[in-house]
$ cat model.txt   # compact mmCIF, C-alpha atoms
# COMPACT_ATOMS: atom_id res chain seq x y z
CA MET A 6 93.08 57.24 91.55
CA ILE A 7 95.62 59.24 93.57
CA SER A 8 99.28 58.38 93.07
CA SER A 9 101.33 57.03 95.99
CA ASP A 10 103.89 59.75 95.15
CA PHE A 11 101.51 62.45 96.45
CA THR A 12 103.37 64.67 98.97
CA PRO A 13 101.01 67.49 100.02
CA GLY A 14 102.98 68.64 103.09
CA LEU A 15 106.28 69.05 101.27
CA GLY A 16 104.38 70.59 98.37
CA LEU A 17 102.83 73.25 100.60
CA ALA A 18 106.11 73.92 102.42
CA GLY A 19 108.14 74.18 99.23
CA GLY A 20 105.42 76.26 97.61
CA ALA A 21 105.42 78.65 100.57
CA LEU A 22 109.19 79.13 100.13
CA ILE A 23 108.70 79.81 96.41
CA GLY A 24 106.03 82.38 97.30
CA LEU A 25 108.34 83.91 99.90
CA ALA A 26 111.13 84.24 97.33
CA ALA A 27 108.77 85.88 94.83
CA ALA A 28 107.42 88.21 97.51
CA GLY A 29 110.96 89.08 98.60
CA LEU A 30 112.11 89.97 95.09
CA MET A 31 109.09 92.26 94.65
CA LEU A 32 109.53 93.96 98.04
CA ALA A 33 113.31 94.33 97.78
CA ASP A 34 113.87 95.00 94.08
CA GLY A 35 110.38 95.61 92.69
CA ARG A 36 110.88 92.85 90.14
CA VAL A 37 108.77 89.84 89.10
CA ALA A 38 110.32 86.46 89.95
CA GLY A 39 109.47 84.92 86.60
CA VAL A 40 112.28 82.57 85.67
CA SER A 41 111.66 82.55 81.90
CA GLY A 42 111.58 86.35 81.84
CA ILE A 43 114.74 86.63 83.91
CA VAL A 44 116.53 84.21 81.57
CA GLY A 45 115.12 85.73 78.38
CA ARG A 46 115.87 89.32 79.32
CA SER A 47 119.40 88.32 80.26
CA LEU A 48 119.79 87.27 76.63
CA ALA A 49 118.00 90.24 75.10
CA ALA A 50 119.52 93.62 74.34
CA GLY A 51 119.17 96.90 76.19
CA GLN A 52 118.87 95.66 79.76
CA ARG A 53 122.06 97.13 81.22
CA GLY A 54 120.93 98.21 84.68
CA ASP A 55 119.09 94.96 85.28
CA ARG A 56 121.75 92.47 84.24
CA ALA A 57 123.49 91.99 87.60
CA TRP A 58 120.45 91.18 89.74
CA ARG A 59 119.19 88.74 87.10
CA LEU A 60 122.50 86.94 87.09
CA ALA A 61 122.51 86.86 90.91
CA PHE A 62 119.02 85.32 90.97
CA LEU A 63 119.97 82.75 88.33
CA ILE A 64 123.07 81.76 90.32
CA GLY A 65 121.04 81.40 93.49
CA LEU A 66 118.47 79.08 91.94
CA PRO A 67 120.65 75.98 91.37
CA LEU A 68 122.72 76.73 94.49
CA GLY A 69 119.58 76.82 96.64
CA ALA A 70 118.33 73.53 95.22
CA ALA A 71 121.70 71.79 95.52
CA GLY A 72 122.34 73.21 99.00
CA THR A 73 118.94 72.03 100.22
CA ALA A 74 119.56 68.58 98.78
CA ALA A 75 122.91 68.49 100.60
CA LEU A 76 121.25 69.44 103.91
CA LEU A 77 117.97 67.51 103.76
CA GLY A 78 118.72 64.89 101.14
CA ASP A 79 117.38 64.69 97.61
CA LEU A 80 113.78 64.45 98.87
CA HIS A 81 112.04 63.48 95.65
CA GLY A 82 114.85 62.26 93.40
CA PHE A 83 115.11 62.98 89.72
CA THR A 84 113.53 60.72 87.16
CA ILE A 85 113.88 61.46 83.48
CA THR A 86 113.95 58.86 80.75
CA ASP A 87 113.27 60.96 77.68
CA SER A 88 115.13 60.52 74.42
CA LEU A 89 117.44 63.32 73.32
CA PRO A 90 115.14 64.52 70.50
CA ARG A 91 112.23 64.70 72.94
CA LEU A 92 114.30 66.70 75.45
CA ALA A 93 115.40 69.04 72.70
CA ALA A 94 111.85 69.50 71.40
CA GLY A 95 110.54 70.07 74.92
CA GLY A 96 113.22 72.59 75.81
CA PHE A 97 112.77 74.43 72.55
CA LEU A 98 108.98 74.69 72.97
CA VAL A 99 109.38 75.86 76.57
CA GLY A 100 111.89 78.55 75.55
CA PHE A 101 109.98 79.73 72.48
CA GLY A 102 106.57 79.56 74.14
CA THR A 103 107.51 81.35 77.36
CA TRP A 104 109.06 84.26 75.46
CA LEU A 105 106.04 84.56 73.19
CA GLY A 106 103.63 84.16 76.12
CA ASN A 107 105.61 86.50 78.41
CA GLY A 108 106.02 84.05 81.23
CA CYS A 109 106.03 80.57 82.67
CA THR A 110 104.85 78.72 85.75
CA SER A 111 106.59 81.21 88.04
CA GLY A 112 105.94 84.50 86.23
CA HIS A 113 102.31 83.83 85.38
CA GLY A 114 101.41 81.05 87.81
CA VAL A 115 103.02 82.33 91.01
CA CYS A 116 103.54 86.08 90.47
CA GLY A 117 100.83 87.13 88.01
CA LEU A 118 98.03 85.21 89.70
CA ALA A 119 99.07 86.63 93.09
CA ARG A 120 98.56 90.15 91.65
CA GLY A 121 95.20 89.16 90.18
CA SER A 122 96.38 89.56 86.57
CA ARG A 123 93.80 88.41 84.01
CA ARG A 124 96.54 87.83 81.44
CA SER A 125 98.34 85.52 83.84
CA LEU A 126 95.15 83.61 84.57
CA ALA A 127 94.55 83.08 80.84
CA ALA A 128 98.19 82.06 80.31
CA THR A 129 98.12 79.64 83.26
CA LEU A 130 94.92 77.99 82.01
CA ALA A 131 96.43 77.72 78.51
CA PHE A 132 99.71 76.11 79.54
CA MET A 133 98.01 73.78 82.02
CA ALA A 134 95.51 72.67 79.37
CA ALA A 135 98.24 72.13 76.78
CA GLY A 136 100.38 70.18 79.26
CA VAL A 137 97.46 67.94 80.25
CA ALA A 138 96.59 67.38 76.58
CA VAL A 139 100.15 66.45 75.58
CA VAL A 140 100.56 64.06 78.50
CA PHE A 141 97.21 62.47 77.68
CA VAL A 142 98.14 61.97 74.04
CA PHE A 143 101.58 60.55 74.77
CA ARG A 144 100.65 58.39 77.76
CA HIS A 145 97.18 57.18 76.91
CA LEU A 146 96.68 57.47 73.15
CA ALA A 147 100.16 56.82 71.76
CA GLY A 148 100.71 53.85 74.06
CA GLY A 149 102.89 55.28 76.80
CA VAL A 150 105.57 56.89 74.67
CA MET B 21 122.02 95.48 97.85
CA ARG B 22 119.61 94.69 95.06
CA GLU B 23 121.93 91.98 93.71
CA LEU B 24 122.34 90.46 97.17
CA ALA B 25 118.56 90.44 97.64
CA ALA B 26 118.12 88.75 94.24
CA LEU B 27 120.74 86.14 95.15
CA VAL B 28 118.96 85.35 98.43
CA CYS B 29 115.60 85.15 96.64
CA GLY B 30 117.13 82.81 94.06
CA LEU B 31 118.49 80.60 96.84
CA VAL B 32 115.12 80.45 98.63
CA PHE B 33 113.31 79.84 95.32
CA GLY B 34 115.66 76.94 94.53
CA ALA B 35 115.23 75.49 98.02
CA GLY B 36 111.44 75.70 97.63
CA LEU B 37 111.55 73.97 94.27
CA LEU B 38 113.58 71.09 95.66
CA ILE B 39 111.45 70.67 98.80
CA SER B 40 108.23 70.85 96.78
CA GLY B 41 109.35 68.02 94.50
CA MET B 42 108.92 70.10 91.35
CA THR B 43 112.58 69.49 90.46
CA ASN B 44 111.59 65.92 89.60
CA PRO B 45 109.93 65.89 86.15
CA ALA B 46 108.12 62.66 87.05
CA LYS B 47 106.11 64.48 89.74
CA VAL B 48 105.12 67.27 87.35
CA LEU B 49 104.03 64.75 84.73
CA GLY B 50 102.13 62.91 87.46
CA PHE B 51 100.14 66.10 88.02
CA LEU B 52 99.45 66.66 84.33
CA ASP B 53 98.37 63.03 83.88
CA LEU B 54 94.75 63.43 84.95
CA ALA B 55 93.77 60.10 83.39
CA GLY B 56 96.52 58.12 85.14
CA ARG B 57 97.53 57.76 88.79
CA TRP B 58 97.16 61.42 89.60
CA ASP B 59 99.70 63.22 91.80
CA PRO B 60 98.03 66.46 92.99
CA THR B 61 101.25 67.79 94.62
CA LEU B 62 101.73 70.60 92.07
CA ALA B 63 98.38 72.12 93.05
CA PHE B 64 99.58 72.28 96.67
CA VAL B 65 102.84 73.91 95.56
CA MET B 66 100.92 76.56 93.63
CA GLY B 67 98.51 76.99 96.52
CA GLY B 68 101.30 77.49 99.06
CA ALA B 69 103.17 79.88 96.79
CA LEU B 70 100.05 81.91 95.95
CA ALA B 71 98.90 82.13 99.58
CA VAL B 72 102.23 83.64 100.62
CA ASN B 73 102.83 85.78 97.55
CA ALA B 74 99.29 87.20 97.31
CA SER B 75 99.30 88.11 101.01
CA ALA B 76 102.70 89.76 100.64
CA TRP B 77 101.58 91.66 97.54
CA ALA B 78 98.57 93.07 99.41
CA LEU B 79 101.08 94.74 101.77
CA THR B 80 103.88 95.50 99.30
CA ARG B 81 101.60 97.30 96.84
CA ARG B 82 100.87 99.98 99.45
CA ARG B 83 104.52 101.04 99.39
CA ALA B 84 105.61 103.94 97.22
CA ARG B 85 108.71 102.06 96.09
CA PRO B 86 110.68 98.84 96.68
CA LEU B 87 113.43 98.72 99.31
CA PHE B 88 116.43 98.86 96.98
CA THR B 89 115.21 100.23 93.63
CA GLU B 90 113.35 103.33 92.43
CA ALA B 91 110.10 101.75 91.29
CA PHE B 92 108.12 98.55 90.89
CA ALA B 93 108.53 97.09 87.39
CA LEU B 94 105.18 95.46 86.70
CA PRO B 95 104.09 94.04 83.34
CA ALA B 96 101.52 96.23 81.60
CA GLU B 97 98.02 94.74 81.56
CA ARG B 98 97.62 94.62 77.80
CA GLY B 99 94.62 92.37 77.67
CA ILE B 100 94.49 88.78 76.50
CA ASP B 101 95.73 88.40 72.94
CA ARG B 102 96.60 85.63 70.53
CA ARG B 103 100.33 85.93 71.22
CA LEU B 104 99.81 85.29 74.93
CA LEU B 105 97.60 82.26 74.37
CA ALA B 106 99.65 80.73 71.54
CA GLY B 107 102.91 81.18 73.45
CA SER B 108 101.47 79.71 76.63
CA ALA B 109 100.03 76.74 74.73
CA LEU B 110 103.43 76.06 73.10
CA PHE B 111 105.09 76.33 76.48
CA GLY B 112 102.54 73.92 77.99
CA ALA B 113 103.15 71.42 75.17
CA GLY B 114 106.90 71.41 75.88
CA TRP B 115 106.21 71.19 79.60
CA GLY B 116 104.01 68.15 79.03
CA LEU B 117 106.61 66.49 76.78
CA VAL B 118 109.34 66.49 79.43
CA GLY B 119 107.91 67.69 82.76
CA LEU B 120 110.35 70.58 83.12
CA CYS B 121 109.62 74.29 83.12
CA PRO B 122 112.29 77.02 83.34
CA GLY B 123 112.60 77.21 87.16
CA PRO B 124 113.10 73.51 87.89
CA ALA B 125 115.31 73.11 84.80
CA LEU B 126 117.72 75.81 86.01
CA ALA B 127 117.47 74.61 89.61
CA GLY B 128 118.74 71.22 88.40
CA LEU B 129 121.90 72.58 86.76
CA LEU B 130 124.18 71.30 89.54
CA ARG B 131 122.89 67.73 89.35
CA GLY B 132 125.33 66.84 86.60
CA GLU B 133 122.53 65.30 84.54
CA LEU B 134 123.07 65.41 80.78
CA PRO B 135 119.29 65.63 80.01
CA ILE B 136 119.07 68.89 82.00
CA TYR B 137 121.91 70.48 80.03
CA LEU B 138 120.37 69.47 76.74
CA PHE B 139 116.96 70.75 77.82
CA VAL B 140 118.37 74.09 79.00
CA ALA B 141 120.41 74.51 75.80
CA ALA B 142 117.25 73.92 73.75
CA LEU B 143 115.33 76.30 76.02
CA LEU B 144 117.90 79.05 75.40
CA ALA B 145 117.80 78.39 71.65
CA GLY B 146 114.01 78.55 71.67
CA THR B 147 114.03 81.80 73.64
CA TRP B 148 116.58 83.32 71.29
CA LEU B 149 114.59 82.32 68.20
CA ALA B 150 111.39 83.69 69.71
CA GLN B 151 113.18 86.99 70.32
CA LEU B 152 114.28 87.08 66.69
CA TYR B 153 110.72 86.27 65.64
CA THR B 154 109.18 89.04 67.74
CA GLY B 155 111.97 91.50 66.97
CA GLU B 156 112.93 91.80 70.63
CA GLY B 157 116.29 90.10 70.34
CA ARG B 158 119.85 91.34 70.33
CA ARG B 159 120.78 92.77 66.96
$ encode --input "model.txt" --output "structure tokens"
Amino acid sequence: MISSDFTPGLGLAGGALIGLAAAGLMLADGRVAGVSGIVGRSLAAGQRGDRAWRLAFLIGLPLGAAGTAALLGDLHGFTITDSLPRLAAGGFLVGFGTWLGNGCTSGHGVCGLARGSRRSLAATLAFMAAGVAVVFVFRHLAGGV
Amino acid sequence: MRELAALVCGLVFGAGLLISGMTNPAKVLGFLDLAGRWDPTLAFVMGGALAVNASAWALTRRRARPLFTEAFALPAERGIDRRLLAGSALFGAGWGLVGLCPGPALAGLLRGELPIYLFVAALLAGTWLAQLYTGEGRR
């Protein structure tokens, strides 16, 4: 059954903008628009020449989202009801896992796949499968926790 | 120039995330919930992003260098190893727990939502610990 929340047009339009941003960063700066990598390498040592553009990108991200919401309205809202321990566990796994796996939805899913990277395809299949499995366990086996 | 370009790309990326709906964890979880009322939107977001980015890459890769830097910095194709798969699976598990990945989490920083700040703090802690674990962290 398809959810009534399905918004294919906005999904395609927003996705195209994400692709445009990733394409722009590669053309202009020759860098991969992978958010976890940009965050992680901002924390890591020995990245002097690359610190400023990373910071600029990371400042633009929330400003772009908030600015768009101010112009067009908060199109999809924000629904989160998780407990604090669950948020902390989720955030920790996302941080740890993306550093270990060298990328996230943007770095592997949007940038790596666009370059035809086999590593990114494997990573994307792995995180999609794990996400589906965890949602299945929590929503359908553990009684909608 | 390269910082200005990165700022503009960040702005456009954030705008795309908001328009696509991926800033709402409920929509992401709706995609991952194949056994429930499925929301296929995320597949359209990926499709739109890949169509644009793959087309652009076909042109960009012919260039000798980027506009504002000396060279393209592309990840080395090292082959598929256990670290890649284990890390991605851990990431996917966290993604499925909350419905947030790094881009949408950071894009939500101006919402003033406490859950986002907690999630991002945990994400930074996880990244930092992973860097210690792999020996790639700040000494």
$ atom_distance --input "model.txt" --atom1 "CA of Asp53 (chain B)" --atom2 "CA of Gly116 (chain B)"
9.0 Å
$ residues_around --input "model.txt" --residues "Pro86 (chain B)" --least-positions-apart "5" --cutoff "9 Å" --atoms "only C-alpha atoms" --output "ChimeraX atom specification"
/A:31-36 /B:80,91-92
$ write_last_selection --input "model.txt" --atoms "C-alpha atoms" --output "mmCIF file, keeping the file's coordinate frame"
data_model
loop_
_atom_site.group_PDB
_atom_site.id
_atom_site.type_symbol
_atom_site.label_atom_id
_atom_site.label_comp_id
_atom_site.auth_asym_id
_atom_site.auth_seq_id
_atom_site.Cartn_x
_atom_site.Cartn_y
_atom_site.Cartn_z
ATOM 1 C CA MET A 31 109.090 92.260 94.650
ATOM 2 C CA LEU A 32 109.530 93.960 98.040
ATOM 3 C CA ALA A 33 113.310 94.330 97.780
ATOM 4 C CA ASP A 34 113.870 95.000 94.080
ATOM 5 C CA GLY A 35 110.380 95.610 92.690
ATOM 6 C CA ARG A 36 110.880 92.850 90.140
ATOM 7 C CA THR B 80 103.880 95.500 99.300
ATOM 8 C CA ALA B 91 110.100 101.750 91.290
ATOM 9 C CA PHE B 92 108.120 98.550 90.890
#
$ closest_residue --input "model.txt" --among "A:Leu17, A:Leu118, A:Val137, A:Leu22" --to "Gly69 (chain A)" --atoms "only C-alpha atoms"
A:Leu22
$ closest_residue --input "model.txt" --among "A:Gly39, A:Gly16, A:Gly100, A:Gly136" --to "Val115 (chain A)" --atoms "all atoms listed in the file"
A:Gly39
$ residues_around --input "model.txt" --residues "Ala119 (chain A)" --least-positions-apart "6" --cutoff "8 Å" --atoms "only C-alpha atoms" --output "list in words"
Leu70, Ala71, Asn73, Ala74 and Trp77 of chain B
$ atom_distance --input "model.txt" --atom1 "CA of Ala70 (chain A)" --atom2 "CA of Thr103 (chain A)"
22.3 Å
$ atom_distance --input "model.txt" --atom1 "CA of Leu48 (chain A)" --atom2 "CA of Ala141 (chain B)"
12.8 Å
$ closest_residue --input "model.txt" --among "B:Val72, B:Cys29, B:Met21, B:Leu149" --to "Pro67 (chain A)" --atoms "all atoms listed in the file"
B:Cys29
$ closest_residue --input "model.txt" --among "A:Ser47, A:Thr12, A:Thr73, A:Ser88" --to "Ala35 (chain B)" --atoms "only C-alpha atoms"
A:Thr73
$ closest_residue --input "model.txt" --among "B:Gln151, B:Met42, B:Leu79, B:Ala69" --to "chain A" --atoms "all atoms listed in the file"
B:Ala69
$ closest_residue --input "model.txt" --among "A:Ala18, A:Leu76, A:Leu30, A:Ala127" --to "Thr89 (chain B)" --atoms "all atoms listed in the file"
A:Leu30
$ residues_around --input "model.txt" --residues "region 60-64 of chain B" --least-positions-apart "5" --cutoff "10 Å" --atoms "only C-alpha atoms" --output "MDAnalysis selection string"
(chainID A and resid 7:8 10:21) or (chainID B and resid 40:42 47:54 69:70)
$ residues_around --input "model.txt" --residues "region 105-113 of chain B" --least-positions-apart "2" --cutoff "10 Å" --atoms "only C-alpha atoms" --output "ChimeraX atom specification"
/A:94-110,113,124-125,127-140 /B:100-103,115-122,150
$ residues_near_point --input "model.txt" --point "(117.9, 93.0, 85.9)" --cutoff "10 Å" --atoms "only C-alpha atoms" --output "PyMOL selection string"
(chain A and resi 34+36+43-44+46-47+52-62) or (chain B and resi 22-23+26)
$ residues_around --input "model.txt" --residues "Leu130 (chain B)" --least-positions-apart "5" --cutoff "10 Å" --atoms "all atoms listed in the file" --output "list in words"
Leu66, Pro67, Leu68, Ala70, Ala71 and Gly72 of chain A; Ile136 and Tyr137 of chain B
$ write_last_selection --input "model.txt" --atoms "C-alpha atoms" --output "PDB file, keeping the file's coordinate frame"
ATOM      1  CA  LEU A  66     118.470  79.080  91.940  1.00  0.00           C
ATOM      2  CA  PRO A  67     120.650  75.980  91.370  1.00  0.00           C
ATOM      3  CA  LEU A  68     122.720  76.730  94.490  1.00  0.00           C
ATOM      4  CA  ALA A  70     118.330  73.530  95.220  1.00  0.00           C
ATOM      5  CA  ALA A  71     121.700  71.790  95.520  1.00  0.00           C
ATOM      6  CA  GLY A  72     122.340  73.210  99.000  1.00  0.00           C
TER       7      GLY A  72
ATOM      8  CA  ILE B 136     119.070  68.890  82.000  1.00  0.00           C
ATOM      9  CA  TYR B 137     121.910  70.480  80.030  1.00  0.00           C
TER      10      TYR B 137
END
$ build_atoms --input "model.txt" --residues "region 129-159 of chain B" --atoms "N, CA and C atoms" --output "PDB file, in the frame of the given file"
ATOM      1  N   LEU B 129     120.635  72.464  87.508  1.00  0.00           N
ATOM      2  CA  LEU B 129     121.900  72.580  86.760  1.00  0.00           C
ATOM      3  C   LEU B 129     123.101  71.976  87.483  1.00  0.00           C
ATOM      4  N   LEU B 130     123.024  71.847  88.807  1.00  0.00           N
ATOM      5  CA  LEU B 130     124.180  71.300  89.540  1.00  0.00           C
ATOM      6  C   LEU B 130     124.063  69.797  89.773  1.00  0.00           C
ATOM      7  N   ARG B 131     123.048  69.170  89.165  1.00  0.00           N
ATOM      8  CA  ARG B 131     122.890  67.730  89.350  1.00  0.00           C
ATOM      9  C   ARG B 131     123.859  66.920  88.497  1.00  0.00           C
ATOM     10  N   GLY B 132     124.446  67.575  87.494  1.00  0.00           N
ATOM     11  CA  GLY B 132     125.330  66.840  86.600  1.00  0.00           C
ATOM     12  C   GLY B 132     124.602  65.873  85.698  1.00  0.00           C
ATOM     13  N   GLU B 133     123.337  66.183  85.393  1.00  0.00           N
ATOM     14  CA  GLU B 133     122.530  65.300  84.540  1.00  0.00           C
ATOM     15  C   GLU B 133     122.545  65.824  83.105  1.00  0.00           C
ATOM     16  N   LEU B 134     123.001  65.001  82.180  1.00  0.00           N
ATOM     17  CA  LEU B 134     123.070  65.410  80.780  1.00  0.00           C
ATOM     18  C   LEU B 134     121.715  65.877  80.228  1.00  0.00           C
ATOM     19  N   PRO B 135     120.587  65.176  80.547  1.00  0.00           N
ATOM     20  CA  PRO B 135     119.290  65.630  80.010  1.00  0.00           C
ATOM     21  C   PRO B 135     118.967  67.071  80.368  1.00  0.00           C
ATOM     22  N   ILE B 136     119.349  67.510  81.576  1.00  0.00           N
ATOM     23  CA  ILE B 136     119.070  68.890  82.000  1.00  0.00           C
ATOM     24  C   ILE B 136     119.835  69.873  81.110  1.00  0.00           C
ATOM     25  N   TYR B 137     121.108  69.553  80.844  1.00  0.00           N
ATOM     26  CA  TYR B 137     121.910  70.480  80.030  1.00  0.00           C
ATOM     27  C   TYR B 137     121.350  70.588  78.621  1.00  0.00           C
ATOM     28  N   LEU B 138     120.938  69.459  78.087  1.00  0.00           N
ATOM     29  CA  LEU B 138     120.370  69.470  76.740  1.00  0.00           C
ATOM     30  C   LEU B 138     119.069  70.275  76.726  1.00  0.00           C
ATOM     31  N   PHE B 139     118.238  70.040  77.731  1.00  0.00           N
ATOM     32  CA  PHE B 139     116.960  70.750  77.820  1.00  0.00           C
ATOM     33  C   PHE B 139     117.188  72.255  77.931  1.00  0.00           C
ATOM     34  N   VAL B 140     118.128  72.657  78.793  1.00  0.00           N
ATOM     35  CA  VAL B 140     118.370  74.090  79.000  1.00  0.00           C
ATOM     36  C   VAL B 140     118.973  74.715  77.737  1.00  0.00           C
ATOM     37  N   ALA B 141     119.851  73.989  77.049  1.00  0.00           N
ATOM     38  CA  ALA B 141     120.410  74.510  75.800  1.00  0.00           C
ATOM     39  C   ALA B 141     119.296  74.733  74.781  1.00  0.00           C
ATOM     40  N   ALA B 142     118.377  73.777  74.688  1.00  0.00           N
ATOM     41  CA  ALA B 142     117.250  73.920  73.750  1.00  0.00           C
ATOM     42  C   ALA B 142     116.334  75.053  74.179  1.00  0.00           C
ATOM     43  N   LEU B 143     116.161  75.212  75.498  1.00  0.00           N
ATOM     44  CA  LEU B 143     115.330  76.300  76.020  1.00  0.00           C
ATOM     45  C   LEU B 143     115.919  77.665  75.635  1.00  0.00           C
ATOM     46  N   LEU B 144     117.252  77.784  75.767  1.00  0.00           N
ATOM     47  CA  LEU B 144     117.900  79.050  75.400  1.00  0.00           C
ATOM     48  C   LEU B 144     117.770  79.303  73.904  1.00  0.00           C
ATOM     49  N   ALA B 145     117.932  78.239  73.107  1.00  0.00           N
ATOM     50  CA  ALA B 145     117.800  78.390  71.650  1.00  0.00           C
ATOM     51  C   ALA B 145     116.380  78.808  71.292  1.00  0.00           C
ATOM     52  N   GLY B 146     115.406  78.198  71.942  1.00  0.00           N
ATOM     53  CA  GLY B 146     114.010  78.550  71.670  1.00  0.00           C
ATOM     54  C   GLY B 146     113.707  79.987  72.056  1.00  0.00           C
ATOM     55  N   THR B 147     114.229  80.420  73.196  1.00  0.00           N
ATOM     56  CA  THR B 147     114.030  81.800  73.640  1.00  0.00           C
ATOM     57  C   THR B 147     114.639  82.770  72.633  1.00  0.00           C
ATOM     58  N   TRP B 148     115.861  82.455  72.214  1.00  0.00           N
ATOM     59  CA  TRP B 148     116.580  83.320  71.290  1.00  0.00           C
ATOM     60  C   TRP B 148     115.824  83.431  69.956  1.00  0.00           C
ATOM     61  N   LEU B 149     115.336  82.292  69.458  1.00  0.00           N
ATOM     62  CA  LEU B 149     114.590  82.320  68.200  1.00  0.00           C
ATOM     63  C   LEU B 149     113.280  83.091  68.334  1.00  0.00           C
ATOM     64  N   ALA B 150     112.634  82.940  69.484  1.00  0.00           N
ATOM     65  CA  ALA B 150     111.390  83.690  69.710  1.00  0.00           C
ATOM     66  C   ALA B 150     111.685  85.186  69.732  1.00  0.00           C
ATOM     67  N   GLN B 151     112.824  85.559  70.288  1.00  0.00           N
ATOM     68  CA  GLN B 151     113.180  86.990  70.320  1.00  0.00           C
ATOM     69  C   GLN B 151     113.462  87.523  68.921  1.00  0.00           C
ATOM     70  N   LEU B 152     114.081  86.684  68.094  1.00  0.00           N
ATOM     71  CA  LEU B 152     114.280  87.080  66.690  1.00  0.00           C
ATOM     72  C   LEU B 152     112.933  87.257  66.005  1.00  0.00           C
ATOM     73  N   TYR B 153     112.046  86.283  66.269  1.00  0.00           N
ATOM     74  CA  TYR B 153     110.720  86.270  65.640  1.00  0.00           C
ATOM     75  C   TYR B 153     109.906  87.495  66.039  1.00  0.00           C
ATOM     76  N   THR B 154     109.985  87.897  67.296  1.00  0.00           N
ATOM     77  CA  THR B 154     109.180  89.040  67.740  1.00  0.00           C
ATOM     78  C   THR B 154     109.937  90.364  67.576  1.00  0.00           C
ATOM     79  N   GLY B 155     111.188  90.281  67.142  1.00  0.00           N
ATOM     80  CA  GLY B 155     111.970  91.500  66.970  1.00  0.00           C
ATOM     81  C   GLY B 155     112.450  92.115  68.275  1.00  0.00           C
ATOM     82  N   GLU B 156     112.492  91.291  69.331  1.00  0.00           N
ATOM     83  CA  GLU B 156     112.930  91.800  70.630  1.00  0.00           C
ATOM     84  C   GLU B 156     114.327  91.330  70.991  1.00  0.00           C
ATOM     85  N   GLY B 157     114.994  90.698  70.038  1.00  0.00           N
ATOM     86  CA  GLY B 157     116.290  90.100  70.340  1.00  0.00           C
ATOM     87  C   GLY B 157     117.440  91.078  70.216  1.00  0.00           C
ATOM     88  N   ARG B 158     118.625  90.572  70.471  1.00  0.00           N
ATOM     89  CA  ARG B 158     119.850  91.340  70.330  1.00  0.00           C
ATOM     90  C   ARG B 158     120.178  91.446  68.849  1.00  0.00           C
ATOM     91  N   ARG B 159     120.497  92.616  68.389  1.00  0.00           N
ATOM     92  CA  ARG B 159     120.780  92.770  66.960  1.00  0.00           C
ATOM     93  C   ARG B 159     122.210  92.398  66.667  1.00  0.00           C
TER      94      ARG B 159
END
